[in-house]
file run-v2.cif (mmCIF, N, CA, C and O atoms)
data_structure
loop_
_atom_site.label_atom_id
_atom_site.label_comp_id
_atom_site.auth_asym_id
_atom_site.auth_seq_id
_atom_site.Cartn_x
_atom_site.Cartn_y
_atom_site.Cartn_z
N MET A 8 163.92 104.51 72.06
CA MET A 8 165.30 104.16 71.70
C MET A 8 166.06 103.80 72.97
O MET A 8 165.85 104.38 74.02
N GLN A 9 166.97 102.88 72.83
CA GLN A 9 167.80 102.44 73.94
C GLN A 9 168.74 103.56 74.34
O GLN A 9 169.56 104.02 73.56
N ASN A 10 168.64 104.03 75.60
CA ASN A 10 169.46 105.14 76.06
C ASN A 10 170.89 104.72 76.37
O ASN A 10 171.78 105.54 76.36
N ASN A 11 171.10 103.44 76.67
CA ASN A 11 172.44 103.01 77.05
C ASN A 11 173.20 102.38 75.89
O ASN A 11 174.14 101.63 76.10
N MET A 12 172.81 102.69 74.66
CA MET A 12 173.54 102.23 73.48
C MET A 12 174.95 102.83 73.53
O MET A 12 175.10 104.05 73.65
N LEU A 13 175.96 101.98 73.47
CA LEU A 13 177.35 102.45 73.49
C LEU A 13 177.77 102.83 72.07
O LEU A 13 177.49 102.09 71.13
N ILE A 14 178.44 103.96 71.95
CA ILE A 14 178.90 104.47 70.66
C ILE A 14 180.39 104.77 70.77
O ILE A 14 180.83 105.40 71.74
N SER A 15 181.16 104.32 69.79
CA SER A 15 182.60 104.55 69.82
C SER A 15 183.13 104.83 68.42
O SER A 15 182.67 104.22 67.46
N ASN A 16 184.09 105.72 68.34
CA ASN A 16 184.71 105.98 67.05
C ASN A 16 185.97 105.13 66.84
O ASN A 16 186.66 105.29 65.85
N ILE A 17 186.24 104.23 67.78
CA ILE A 17 187.35 103.29 67.60
C ILE A 17 186.77 101.90 67.36
O ILE A 17 185.56 101.69 67.47
N GLU A 18 187.62 100.94 67.05
CA GLU A 18 187.16 99.61 66.62
C GLU A 18 186.81 98.67 67.76
O GLU A 18 186.45 97.52 67.52
N PHE A 19 186.89 99.14 68.98
CA PHE A 19 186.56 98.31 70.13
C PHE A 19 186.12 99.22 71.27
O PHE A 19 186.26 100.44 71.18
N LEU A 20 185.59 98.63 72.32
CA LEU A 20 185.21 99.37 73.52
C LEU A 20 186.04 98.84 74.67
O LEU A 20 185.90 97.66 75.04
N PRO A 21 186.91 99.66 75.24
CA PRO A 21 187.72 99.20 76.36
C PRO A 21 186.84 98.65 77.49
O PRO A 21 185.82 99.24 77.85
N GLY A 22 187.19 97.47 77.98
CA GLY A 22 186.43 96.85 79.05
C GLY A 22 185.27 95.99 78.58
O GLY A 22 184.54 95.43 79.39
N TYR A 23 185.08 95.90 77.26
CA TYR A 23 183.99 95.12 76.70
C TYR A 23 184.54 94.13 75.67
O TYR A 23 185.56 94.37 75.05
N THR A 24 183.81 93.03 75.49
CA THR A 24 184.14 92.04 74.48
C THR A 24 183.00 91.99 73.47
O THR A 24 181.83 91.91 73.87
N VAL A 25 183.35 92.04 72.20
CA VAL A 25 182.34 91.91 71.14
C VAL A 25 181.97 90.45 71.05
O VAL A 25 182.82 89.59 70.83
N THR A 26 180.68 90.16 71.24
CA THR A 26 180.21 88.78 71.18
C THR A 26 179.46 88.47 69.89
O THR A 26 179.28 87.31 69.55
N GLN A 27 179.01 89.52 69.20
CA GLN A 27 178.30 89.31 67.95
C GLN A 27 178.48 90.53 67.06
O GLN A 27 178.35 91.67 67.52
N HIS A 28 178.76 90.28 65.80
CA HIS A 28 178.90 91.33 64.78
C HIS A 28 177.62 91.32 63.95
O HIS A 28 177.28 90.32 63.34
N LEU A 29 176.91 92.47 63.91
CA LEU A 29 175.62 92.53 63.22
C LEU A 29 175.67 93.30 61.90
O LEU A 29 174.69 93.31 61.17
N GLY A 30 176.76 93.97 61.62
CA GLY A 30 176.92 94.64 60.33
C GLY A 30 176.78 96.15 60.38
O GLY A 30 176.65 96.77 61.44
N LEU A 31 176.79 96.72 59.21
CA LEU A 31 176.76 98.17 59.03
C LEU A 31 175.40 98.74 59.39
O LEU A 31 174.37 98.19 59.01
N VAL A 32 175.42 99.85 60.13
CA VAL A 32 174.21 100.62 60.40
C VAL A 32 174.50 102.07 60.05
O VAL A 32 175.66 102.51 60.08
N GLN A 33 173.44 102.79 59.71
CA GLN A 33 173.63 104.18 59.32
C GLN A 33 172.40 105.00 59.67
O GLN A 33 171.32 104.47 59.87
N GLY A 34 172.61 106.28 59.74
CA GLY A 34 171.53 107.23 59.93
C GLY A 34 171.91 108.51 59.23
O GLY A 34 173.07 108.90 59.22
N SER A 35 170.94 109.15 58.59
CA SER A 35 171.27 110.40 57.89
C SER A 35 170.13 111.39 58.01
O SER A 35 169.00 111.04 58.38
N THR A 36 170.45 112.62 57.71
CA THR A 36 169.47 113.69 57.63
C THR A 36 169.93 114.65 56.55
O THR A 36 171.13 114.83 56.34
N VAL A 37 168.97 115.22 55.86
CA VAL A 37 169.26 116.25 54.85
C VAL A 37 168.66 117.54 55.36
O VAL A 37 167.47 117.58 55.70
N ARG A 38 169.47 118.56 55.44
CA ARG A 38 169.03 119.84 55.97
C ARG A 38 169.30 120.95 54.96
O ARG A 38 170.31 120.94 54.26
N ALA A 39 168.38 121.89 54.94
CA ALA A 39 168.53 123.07 54.09
C ALA A 39 168.91 124.26 54.95
O ALA A 39 168.55 124.33 56.13
N LYS A 40 169.60 125.20 54.34
CA LYS A 40 169.95 126.44 55.04
C LYS A 40 168.69 127.26 55.29
O LYS A 40 167.73 127.17 54.55
N HIS A 41 168.74 128.06 56.31
CA HIS A 41 167.63 128.92 56.72
C HIS A 41 167.94 130.35 56.28
O HIS A 41 169.05 130.83 56.46
N VAL A 42 166.96 131.03 55.72
CA VAL A 42 167.16 132.39 55.20
C VAL A 42 167.72 133.32 56.27
O VAL A 42 168.66 134.08 56.03
N GLY A 43 167.18 133.24 57.48
CA GLY A 43 167.68 134.08 58.57
C GLY A 43 169.13 133.79 58.90
O GLY A 43 169.93 134.71 59.13
N ARG A 44 169.49 132.52 58.88
CA ARG A 44 170.88 132.14 59.14
C ARG A 44 171.79 132.64 58.02
O ARG A 44 172.91 133.05 58.25
N ASP A 45 171.29 132.59 56.78
CA ASP A 45 172.08 133.07 55.64
C ASP A 45 172.36 134.57 55.75
O ASP A 45 173.46 135.02 55.45
N MET A 46 171.38 135.33 56.18
CA MET A 46 171.59 136.78 56.32
C MET A 46 172.63 137.07 57.39
O MET A 46 173.51 137.89 57.21
N MET A 47 172.53 136.36 58.53
CA MET A 47 173.51 136.56 59.60
C MET A 47 174.90 136.09 59.16
O MET A 47 175.89 136.72 59.49
N ALA A 48 174.95 135.02 58.39
CA ALA A 48 176.24 134.53 57.90
C ALA A 48 176.87 135.56 56.97
O ALA A 48 178.08 135.77 56.99
N GLY A 49 176.05 136.21 56.14
CA GLY A 49 176.56 137.25 55.26
C GLY A 49 177.19 138.38 56.04
O GLY A 49 178.25 138.90 55.68
N LEU A 50 176.56 138.78 57.13
CA LEU A 50 177.13 139.83 57.99
C LEU A 50 178.42 139.37 58.65
O LEU A 50 179.38 140.13 58.73
N LYS A 51 178.45 138.14 59.12
CA LYS A 51 179.66 137.61 59.76
C LYS A 51 180.82 137.52 58.76
O LYS A 51 181.97 137.67 59.14
N ASN A 52 180.51 137.27 57.50
CA ASN A 52 181.56 137.22 56.49
C ASN A 52 182.24 138.57 56.35
O ASN A 52 183.42 138.65 55.99
N ILE A 53 181.52 139.62 56.64
CA ILE A 53 182.09 140.97 56.55
C ILE A 53 182.95 141.28 57.77
O ILE A 53 184.07 141.77 57.64
N VAL A 54 182.43 140.99 58.96
CA VAL A 54 183.13 141.36 60.19
C VAL A 54 183.92 140.23 60.82
O VAL A 54 184.72 140.44 61.70
N GLY A 55 183.68 139.01 60.38
CA GLY A 55 184.40 137.86 60.91
C GLY A 55 183.71 137.28 62.14
O GLY A 55 182.82 137.90 62.72
N GLY A 56 184.09 136.09 62.52
CA GLY A 56 183.52 135.43 63.70
C GLY A 56 182.84 134.13 63.35
O GLY A 56 182.67 133.78 62.18
N GLU A 57 182.44 133.44 64.40
CA GLU A 57 181.78 132.15 64.24
C GLU A 57 180.38 132.33 63.67
O GLU A 57 179.65 133.25 64.04
N LEU A 58 180.00 131.44 62.79
CA LEU A 58 178.65 131.42 62.23
C LEU A 58 177.81 130.51 63.13
O LEU A 58 177.59 129.34 62.83
N LYS A 59 177.35 131.06 64.26
CA LYS A 59 176.69 130.25 65.29
C LYS A 59 175.44 129.56 64.78
O LYS A 59 175.13 128.45 65.19
N GLY A 60 174.69 130.20 63.90
CA GLY A 60 173.49 129.57 63.35
C GLY A 60 173.83 128.30 62.60
O GLY A 60 173.14 127.29 62.71
N TYR A 61 174.92 128.32 61.83
CA TYR A 61 175.35 127.13 61.10
C TYR A 61 175.94 126.08 62.04
O TYR A 61 175.76 124.89 61.83
N THR A 62 176.65 126.53 63.07
CA THR A 62 177.19 125.60 64.06
C THR A 62 176.04 124.84 64.72
O THR A 62 176.10 123.61 64.86
N GLU A 63 174.99 125.55 65.12
CA GLU A 63 173.83 124.90 65.72
C GLU A 63 173.16 123.94 64.75
O GLU A 63 172.78 122.83 65.12
N LEU A 64 173.02 124.35 63.50
CA LEU A 64 172.40 123.50 62.48
C LEU A 64 173.19 122.21 62.30
O LEU A 64 172.61 121.11 62.25
N LEU A 65 174.51 122.30 62.23
CA LEU A 65 175.34 121.11 62.07
C LEU A 65 175.28 120.21 63.30
O LEU A 65 175.22 118.99 63.18
N ASN A 66 175.30 120.81 64.50
CA ASN A 66 175.20 120.00 65.72
C ASN A 66 173.87 119.25 65.78
O ASN A 66 173.83 118.07 66.11
N GLU A 67 172.77 119.93 65.44
CA GLU A 67 171.45 119.29 65.41
C GLU A 67 171.43 118.16 64.37
O GLU A 67 170.89 117.08 64.63
N SER A 68 172.01 118.41 63.22
CA SER A 68 172.03 117.41 62.15
C SER A 68 172.84 116.19 62.54
O SER A 68 172.42 115.05 62.30
N ARG A 69 174.01 116.40 63.13
CA ARG A 69 174.84 115.26 63.57
C ARG A 69 174.10 114.43 64.60
O ARG A 69 174.10 113.20 64.54
N GLN A 70 173.44 115.11 65.57
CA GLN A 70 172.72 114.37 66.60
C GLN A 70 171.56 113.57 66.02
O GLN A 70 171.32 112.42 66.40
N GLU A 71 170.85 114.16 65.06
CA GLU A 71 169.75 113.43 64.42
C GLU A 71 170.27 112.22 63.65
O GLU A 71 169.68 111.13 63.72
N ALA A 72 171.38 112.36 62.96
CA ALA A 72 171.97 111.23 62.22
C ALA A 72 172.41 110.13 63.20
O ALA A 72 172.17 108.94 62.95
N ILE A 73 173.01 110.51 64.33
CA ILE A 73 173.41 109.53 65.34
C ILE A 73 172.19 108.82 65.91
O ILE A 73 172.18 107.60 66.06
N ASP A 74 171.15 109.57 66.23
CA ASP A 74 169.94 108.97 66.78
C ASP A 74 169.33 107.96 65.81
O ASP A 74 168.91 106.87 66.21
N ARG A 75 169.32 108.28 64.53
CA ARG A 75 168.77 107.36 63.52
C ARG A 75 169.65 106.11 63.37
O ARG A 75 169.15 105.00 63.19
N MET A 76 170.97 106.29 63.46
CA MET A 76 171.88 105.16 63.40
C MET A 76 171.65 104.25 64.61
O MET A 76 171.58 103.02 64.47
N LYS A 77 171.49 104.84 65.79
CA LYS A 77 171.24 104.06 67.00
C LYS A 77 169.91 103.29 66.91
O LYS A 77 169.83 102.14 67.32
N GLN A 78 168.89 103.92 66.34
CA GLN A 78 167.61 103.25 66.17
C GLN A 78 167.75 102.03 65.26
O GLN A 78 167.19 100.97 65.54
N GLN A 79 168.51 102.19 64.17
CA GLN A 79 168.72 101.07 63.25
C GLN A 79 169.49 99.95 63.96
O GLN A 79 169.16 98.78 63.81
N ALA A 80 170.49 100.32 64.76
CA ALA A 80 171.28 99.32 65.48
C ALA A 80 170.41 98.58 66.50
O ALA A 80 170.47 97.34 66.60
N GLN A 81 169.58 99.31 67.22
CA GLN A 81 168.71 98.68 68.20
C GLN A 81 167.72 97.73 67.52
O GLN A 81 167.45 96.64 68.03
N ALA A 82 167.22 98.12 66.35
CA ALA A 82 166.24 97.29 65.62
C ALA A 82 166.80 95.93 65.23
O ALA A 82 166.04 94.97 65.07
N ILE A 83 168.12 95.82 65.08
CA ILE A 83 168.72 94.53 64.71
C ILE A 83 169.35 93.83 65.91
O ILE A 83 170.05 92.84 65.75
N GLY A 84 169.14 94.37 67.12
CA GLY A 84 169.59 93.69 68.33
C GLY A 84 170.92 94.12 68.90
O GLY A 84 171.45 93.46 69.80
N ALA A 85 171.49 95.21 68.41
CA ALA A 85 172.80 95.67 68.90
C ALA A 85 172.65 96.43 70.21
O ALA A 85 171.60 97.03 70.48
N ASN A 86 173.71 96.41 71.01
CA ASN A 86 173.75 97.28 72.18
C ASN A 86 174.94 98.24 72.10
O ASN A 86 175.21 98.99 73.04
N ALA A 87 175.63 98.23 70.94
CA ALA A 87 176.74 99.14 70.72
C ALA A 87 176.97 99.34 69.22
O ALA A 87 176.63 98.47 68.42
N VAL A 88 177.57 100.48 68.89
CA VAL A 88 178.01 100.75 67.52
C VAL A 88 179.45 101.21 67.62
O VAL A 88 179.76 102.17 68.32
N ILE A 89 180.34 100.50 66.94
CA ILE A 89 181.76 100.83 66.98
C ILE A 89 182.22 101.36 65.62
O ILE A 89 181.53 101.21 64.62
N ASN A 90 183.40 101.97 65.65
CA ASN A 90 184.03 102.50 64.43
C ASN A 90 183.11 103.51 63.72
O ASN A 90 183.01 103.51 62.49
N VAL A 91 182.47 104.38 64.50
CA VAL A 91 181.52 105.35 63.97
C VAL A 91 182.26 106.45 63.21
O VAL A 91 183.29 106.95 63.64
N ARG A 92 181.70 106.79 62.06
CA ARG A 92 182.24 107.85 61.20
C ARG A 92 181.11 108.75 60.74
O ARG A 92 179.95 108.38 60.77
N PHE A 93 181.50 109.94 60.27
CA PHE A 93 180.54 110.89 59.69
C PHE A 93 180.96 111.22 58.28
O PHE A 93 182.15 111.24 57.96
N SER A 94 179.98 111.52 57.46
CA SER A 94 180.23 111.95 56.09
C SER A 94 179.22 113.04 55.76
O SER A 94 178.10 113.03 56.27
N THR A 95 179.62 113.97 54.94
CA THR A 95 178.71 115.02 54.49
C THR A 95 178.75 115.07 52.97
O THR A 95 179.75 114.73 52.34
N ALA A 96 177.63 115.52 52.40
CA ALA A 96 177.54 115.67 50.95
C ALA A 96 176.55 116.77 50.63
O ALA A 96 175.53 116.92 51.31
N ASN A 97 176.85 117.54 49.60
CA ASN A 97 175.90 118.52 49.11
C ASN A 97 174.87 117.79 48.27
O ASN A 97 175.21 117.02 47.38
N ILE A 98 173.60 118.06 48.53
CA ILE A 98 172.51 117.44 47.79
C ILE A 98 172.06 118.37 46.67
O ILE A 98 171.95 117.97 45.52
N THR A 99 171.79 119.61 47.02
CA THR A 99 171.45 120.67 46.06
C THR A 99 172.04 121.96 46.63
O THR A 99 172.56 121.97 47.74
N ALA A 100 171.93 123.03 45.89
CA ALA A 100 172.40 124.32 46.40
C ALA A 100 171.62 124.63 47.68
O ALA A 100 170.40 124.66 47.68
N GLY A 101 172.34 124.78 48.77
CA GLY A 101 171.70 125.13 50.03
C GLY A 101 171.23 123.96 50.87
O GLY A 101 170.65 124.16 51.93
N ALA A 102 171.44 122.72 50.43
CA ALA A 102 171.03 121.56 51.22
C ALA A 102 172.15 120.53 51.28
O ALA A 102 172.78 120.25 50.27
N SER A 103 172.38 119.99 52.46
CA SER A 103 173.44 119.01 52.67
C SER A 103 172.94 117.82 53.45
O SER A 103 172.00 117.93 54.25
N GLU A 104 173.60 116.68 53.24
CA GLU A 104 173.30 115.47 54.00
C GLU A 104 174.42 115.25 55.00
O GLU A 104 175.59 115.44 54.70
N ILE A 105 174.04 114.84 56.19
CA ILE A 105 175.00 114.38 57.19
C ILE A 105 174.68 112.90 57.40
O ILE A 105 173.54 112.53 57.66
N LEU A 106 175.69 112.06 57.29
CA LEU A 106 175.54 110.61 57.43
C LEU A 106 176.43 110.15 58.57
O LEU A 106 177.60 110.50 58.63
N ALA A 107 175.84 109.38 59.49
CA ALA A 107 176.60 108.72 60.55
C ALA A 107 176.51 107.22 60.27
O ALA A 107 175.43 106.71 59.97
N TYR A 108 177.65 106.53 60.34
CA TYR A 108 177.63 105.09 60.08
C TYR A 108 178.67 104.40 60.94
O TYR A 108 179.66 105.01 61.38
N GLY A 109 178.42 103.13 61.20
CA GLY A 109 179.33 102.35 62.01
C GLY A 109 178.96 100.88 61.96
O GLY A 109 178.08 100.47 61.20
N THR A 110 179.60 100.10 62.81
CA THR A 110 179.37 98.67 62.87
C THR A 110 178.56 98.34 64.11
O THR A 110 178.99 98.60 65.23
N ALA A 111 177.39 97.76 63.90
CA ALA A 111 176.53 97.35 65.01
C ALA A 111 177.06 96.03 65.59
O ALA A 111 177.37 95.11 64.85
N VAL A 112 177.17 95.99 66.91
CA VAL A 112 177.67 94.81 67.59
C VAL A 112 176.90 94.59 68.89
O VAL A 112 176.22 95.47 69.39
N VAL A 113 177.05 93.38 69.41
CA VAL A 113 176.59 93.06 70.76
C VAL A 113 177.86 92.93 71.59
O VAL A 113 178.79 92.21 71.19
N VAL A 114 177.90 93.62 72.71
CA VAL A 114 179.08 93.56 73.59
C VAL A 114 178.64 93.15 74.99
O VAL A 114 177.49 93.31 75.38
N MET A 115 179.62 92.62 75.72
CA MET A 115 179.41 92.35 77.15
C MET A 115 180.64 92.79 77.92
O MET A 115 181.75 92.84 77.35
N ARG A 116 180.45 93.17 79.15
CA ARG A 116 181.59 93.60 79.97
C ARG A 116 182.57 92.45 80.14
O ARG A 116 182.18 91.31 80.30
N GLY A 117 183.85 92.83 80.10
CA GLY A 117 184.86 91.84 80.36
C GLY A 117 185.66 91.50 79.23
O GLY A 117 186.06 91.30 78.32
#

call {"tool": "encode", "arguments": {"input": "run-v2.cif", "output": "C-alpha coordinates"}}
result
Amino acid sequence: MQNNMLISNIEFLPGYTVTQHLGLVQGSTVRAKHVGRDMMAGLKNIVGGELKGYTELLNESRQEAIDRMKQQAQAIGANAVINVRFSTANITAGASEILAYGTAVVVMRG
(Lines of atoms letter the chains of each structure in order from A and count residues from 1; the text may use other names and numbers.)
(Lines give C-alpha, C1' and ligand atoms only; values in the text may rest on other atoms or scores of the structure.)
Protein backbone atom coordinates (compact mmCIF):
# COMPACT_ATOMS: atom_id res chain seq x y z
CA MET A 1 0.00 0.00 0.00
CA GLN A 2 1.13 3.52 -0.72
CA ASN A 3 2.48 4.97 2.53
CA ASN A 4 2.28 8.59 1.40
CA MET A 5 -1.45 8.51 0.58
CA LEU A 6 -2.86 11.82 1.83
CA ILE A 7 -6.06 11.59 3.90
CA SER A 8 -8.22 14.55 4.89
CA ASN A 9 -11.58 15.01 6.55
CA ILE A 10 -12.06 18.33 4.74
CA GLU A 11 -12.92 18.88 1.07
CA PHE A 12 -9.45 19.99 0.03
CA LEU A 13 -5.80 19.70 1.02
CA PRO A 14 -4.10 23.00 1.85
CA GLY A 15 -1.13 23.51 -0.47
CA TYR A 16 -2.41 21.00 -3.04
CA THR A 17 -4.54 21.24 -6.17
CA VAL A 18 -6.96 18.48 -7.13
CA THR A 19 -6.14 17.51 -10.71
CA GLN A 20 -8.42 14.51 -11.06
CA HIS A 21 -11.58 13.31 -9.29
CA LEU A 22 -11.79 9.49 -9.20
CA GLY A 23 -14.94 8.99 -7.13
CA LEU A 24 -16.08 7.35 -3.93
CA VAL A 25 -13.84 4.87 -2.13
CA GLN A 26 -14.60 2.93 1.00
CA GLY A 27 -13.23 0.40 3.41
CA SER A 28 -15.01 -1.49 6.16
CA THR A 29 -14.56 -4.13 8.79
CA VAL A 30 -17.05 -6.06 10.89
CA ARG A 31 -15.90 -6.91 14.39
CA ALA A 32 -17.44 -8.97 17.14
CA LYS A 33 -17.07 -8.35 20.84
CA HIS A 34 -14.63 -10.53 22.76
CA VAL A 35 -15.85 -12.50 25.80
CA GLY A 36 -12.91 -11.33 27.91
CA ARG A 37 -13.59 -7.71 26.98
CA ASP A 38 -17.28 -8.18 27.83
CA MET A 39 -16.44 -9.45 31.31
CA MET A 40 -14.12 -6.51 31.98
CA ALA A 41 -16.74 -4.11 30.59
CA GLY A 42 -19.29 -5.56 33.01
CA LEU A 43 -16.96 -4.83 35.92
CA LYS A 44 -16.27 -1.30 34.67
CA ASN A 45 -20.02 -0.68 34.47
CA ILE A 46 -20.15 -1.28 38.21
CA VAL A 47 -17.15 0.83 39.25
CA GLY A 48 -16.98 3.24 36.31
CA GLY A 49 -14.08 4.17 34.05
CA GLU A 50 -12.94 3.78 30.49
CA LEU A 51 -13.63 0.49 28.73
CA LYS A 52 -10.08 0.20 27.40
CA GLY A 53 -10.68 -3.14 25.68
CA TYR A 54 -13.47 -1.60 23.60
CA THR A 55 -11.42 1.55 22.96
CA GLU A 56 -8.62 -0.63 21.55
CA LEU A 57 -11.11 -2.66 19.48
CA LEU A 58 -12.60 0.50 17.95
CA ASN A 59 -9.17 2.01 17.23
CA GLU A 60 -8.05 -1.21 15.49
CA SER A 61 -11.31 -1.33 13.52
CA ARG A 62 -11.05 2.30 12.37
CA GLN A 63 -7.45 1.77 11.26
CA GLU A 64 -8.37 -1.37 9.33
CA ALA A 65 -11.25 0.45 7.59
CA ILE A 66 -8.91 3.35 6.69
CA ASP A 67 -6.28 0.94 5.35
CA ARG A 68 -8.87 -0.79 3.15
CA MET A 69 -10.16 2.56 1.89
CA LYS A 70 -6.58 3.60 1.04
CA GLN A 71 -6.00 0.32 -0.81
CA GLN A 72 -9.14 0.90 -2.90
CA ALA A 73 -8.03 4.48 -3.65
CA GLN A 74 -4.56 3.36 -4.67
CA ALA A 75 -6.03 0.66 -6.94
CA ILE A 76 -7.81 3.33 -9.00
CA GLY A 77 -4.79 5.64 -9.20
CA ALA A 78 -5.46 8.12 -6.37
CA ASN A 79 -2.76 9.67 -4.22
CA ALA A 80 -5.22 11.26 -1.78
CA VAL A 81 -8.66 10.76 -0.24
CA ILE A 82 -10.56 13.86 0.81
CA ASN A 83 -13.76 14.47 2.76
CA VAL A 84 -13.24 11.26 4.75
CA ARG A 85 -16.06 10.17 7.05
CA PHE A 86 -16.80 7.24 9.34
CA SER A 87 -20.02 5.36 9.89
CA THR A 88 -20.92 2.54 12.25
CA ALA A 89 -23.76 0.04 12.18
CA ASN A 90 -24.84 -2.91 14.27
CA ILE A 91 -24.81 -6.07 12.17
CA THR A 92 -25.99 -8.57 14.80
CA ALA A 93 -26.01 -8.67 18.58
CA GLY A 94 -22.38 -8.23 19.55
CA ALA A 95 -21.04 -7.35 16.08
CA SER A 96 -20.62 -3.95 14.44
CA GLU A 97 -19.35 -2.56 11.16
CA ILE A 98 -17.03 0.41 10.91
CA LEU A 99 -17.03 2.07 7.48
CA ALA A 100 -14.55 4.69 6.28
CA TYR A 101 -15.38 6.48 3.04
CA GLY A 102 -14.25 9.49 1.08
CA THR A 103 -13.49 10.90 -2.34
CA ALA A 104 -10.44 9.53 -4.15
CA VAL A 105 -8.49 12.22 -6.00
CA VAL A 106 -5.16 12.90 -7.64
CA VAL A 107 -3.46 15.98 -6.19
CA MET A 108 -0.29 17.91 -6.89
CA ARG A 109 1.51 20.49 -4.80
CA GLY A 110 0.64 24.05 -5.56

call {"tool": "resolve_selection", "arguments": {"input": "run-v2.cif", "expression": "the PyMOL selection byres ((chain A and resi 18) around 7)", "output": "ChimeraX atom specification"}}
result
/A:15-17,19-20,89-91

call {"tool": "closest_residue", "arguments": {"input": "run-v2.cif", "among": "A:Leu13, A:Ala87, A:Leu64, A:Ala80", "to": "Ser103 in chain A", "atoms": "only C-alpha atoms"}}
result
A:Leu64

call {"tool": "select_by_dssp", "arguments": {"input": "run-v2.cif", "residues": "chain A", "states": "helix (DSSP H, G or I)", "output": "ChimeraX atom specification"}}
result
/A:42-54,59-82

call {"tool": "closest_residue", "arguments": {"input": "run-v2.cif", "among": "A:Ala96, A:Val37, A:Ala82, A:Ala111", "to": "Ser68 in chain A", "atoms": "all atoms listed in the file"}}
result
A:Val37

call {"tool": "residues_around", "arguments": {"input": "run-v2.cif", "residues": "Gly84 in chain A", "least_positions_apart": "2", "cutoff": "12 Å", "atoms": "only C-alpha atoms", "output": "PyMOL selection string"}}
result
chain A and resi 8-9+12+27-30+32+77-82+86-88+111-114

call {"tool": "residues_around", "arguments": {"input": "run-v2.cif", "residues": "Met76 in chain A", "least_positions_apart": "4", "cutoff": "4.5 Å", "atoms": "all atoms listed in the file", "output": "PDB file with N, CA, C and O atoms, in the frame of the given file"}}
result
ATOM      1  N   GLN A  33     173.440 102.790  59.710  1.00  0.00           N
ATOM      2  CA  GLN A  33     173.630 104.180  59.320  1.00  0.00           C
ATOM      3  C   GLN A  33     172.400 105.000  59.670  1.00  0.00           C
ATOM      4  O   GLN A  33     171.320 104.470  59.870  1.00  0.00           O
ATOM      5  N   GLY A  34     172.610 106.280  59.740  1.00  0.00           N
ATOM      6  CA  GLY A  34     171.530 107.230  59.930  1.00  0.00           C
ATOM      7  C   GLY A  34     171.910 108.510  59.230  1.00  0.00           C
ATOM      8  O   GLY A  34     173.070 108.900  59.220  1.00  0.00           O
ATOM      9  N   ALA A  72     171.380 112.360  62.960  1.00  0.00           N
ATOM     10  CA  ALA A  72     171.970 111.230  62.220  1.00  0.00           C
ATOM     11  C   ALA A  72     172.410 110.130  63.200  1.00  0.00           C
ATOM     12  O   ALA A  72     172.170 108.940  62.950  1.00  0.00           O
ATOM     13  N   ALA A  80     170.490 100.320  64.760  1.00  0.00           N
ATOM     14  CA  ALA A  80     171.280  99.320  65.480  1.00  0.00           C
ATOM     15  C   ALA A  80     170.410  98.580  66.500  1.00  0.00           C
ATOM     16  O   ALA A  80     170.470  97.340  66.600  1.00  0.00           O
TER      17      ALA A  80
END

call {"tool": "atom_distance", "arguments": {"input": "run-v2.cif", "atom1": "CA of Asn11 in chain A", "atom2": "atom N of Asp74 in chain A"}}
result
12.7 Å

call {"tool": "closest_residue", "arguments": {"input": "run-v2.cif", "among": "A:Ile14, A:Leu65, A:Lys59, A:Tyr23", "to": "Arg38 in chain A", "atoms": "only C-alpha atoms"}}
result
A:Leu65

call {"tool": "atom_distance", "arguments": {"input": "run-v2.cif", "atom1": "CA of Ser94 in chain A", "atom2": "CA of Gly109 in chain A"}}
result
11.3 Å

call {"tool": "atom_distance", "arguments": {"input": "run-v2.cif", "atom1": "CA of Arg92 in chain A", "atom2": "CA of Ala107 in chain A"}}
result
5.7 Å

call {"tool": "select_by_dssp", "arguments": {"input": "run-v2.cif", "residues": "chain A", "states": "strand (DSSP E)", "output": "number ranges by chain"}}
result
A: 13-14, 23-39, 87-99, 102-116

call {"tool": "closest_residue", "arguments": {"input": "run-v2.cif", "among": "A:Gly60, A:Met115, A:Ala39, A:Arg75", "to": "Gly101 in chain A", "atoms": "only N, CA, C and O atoms"}}
result
A:Ala39
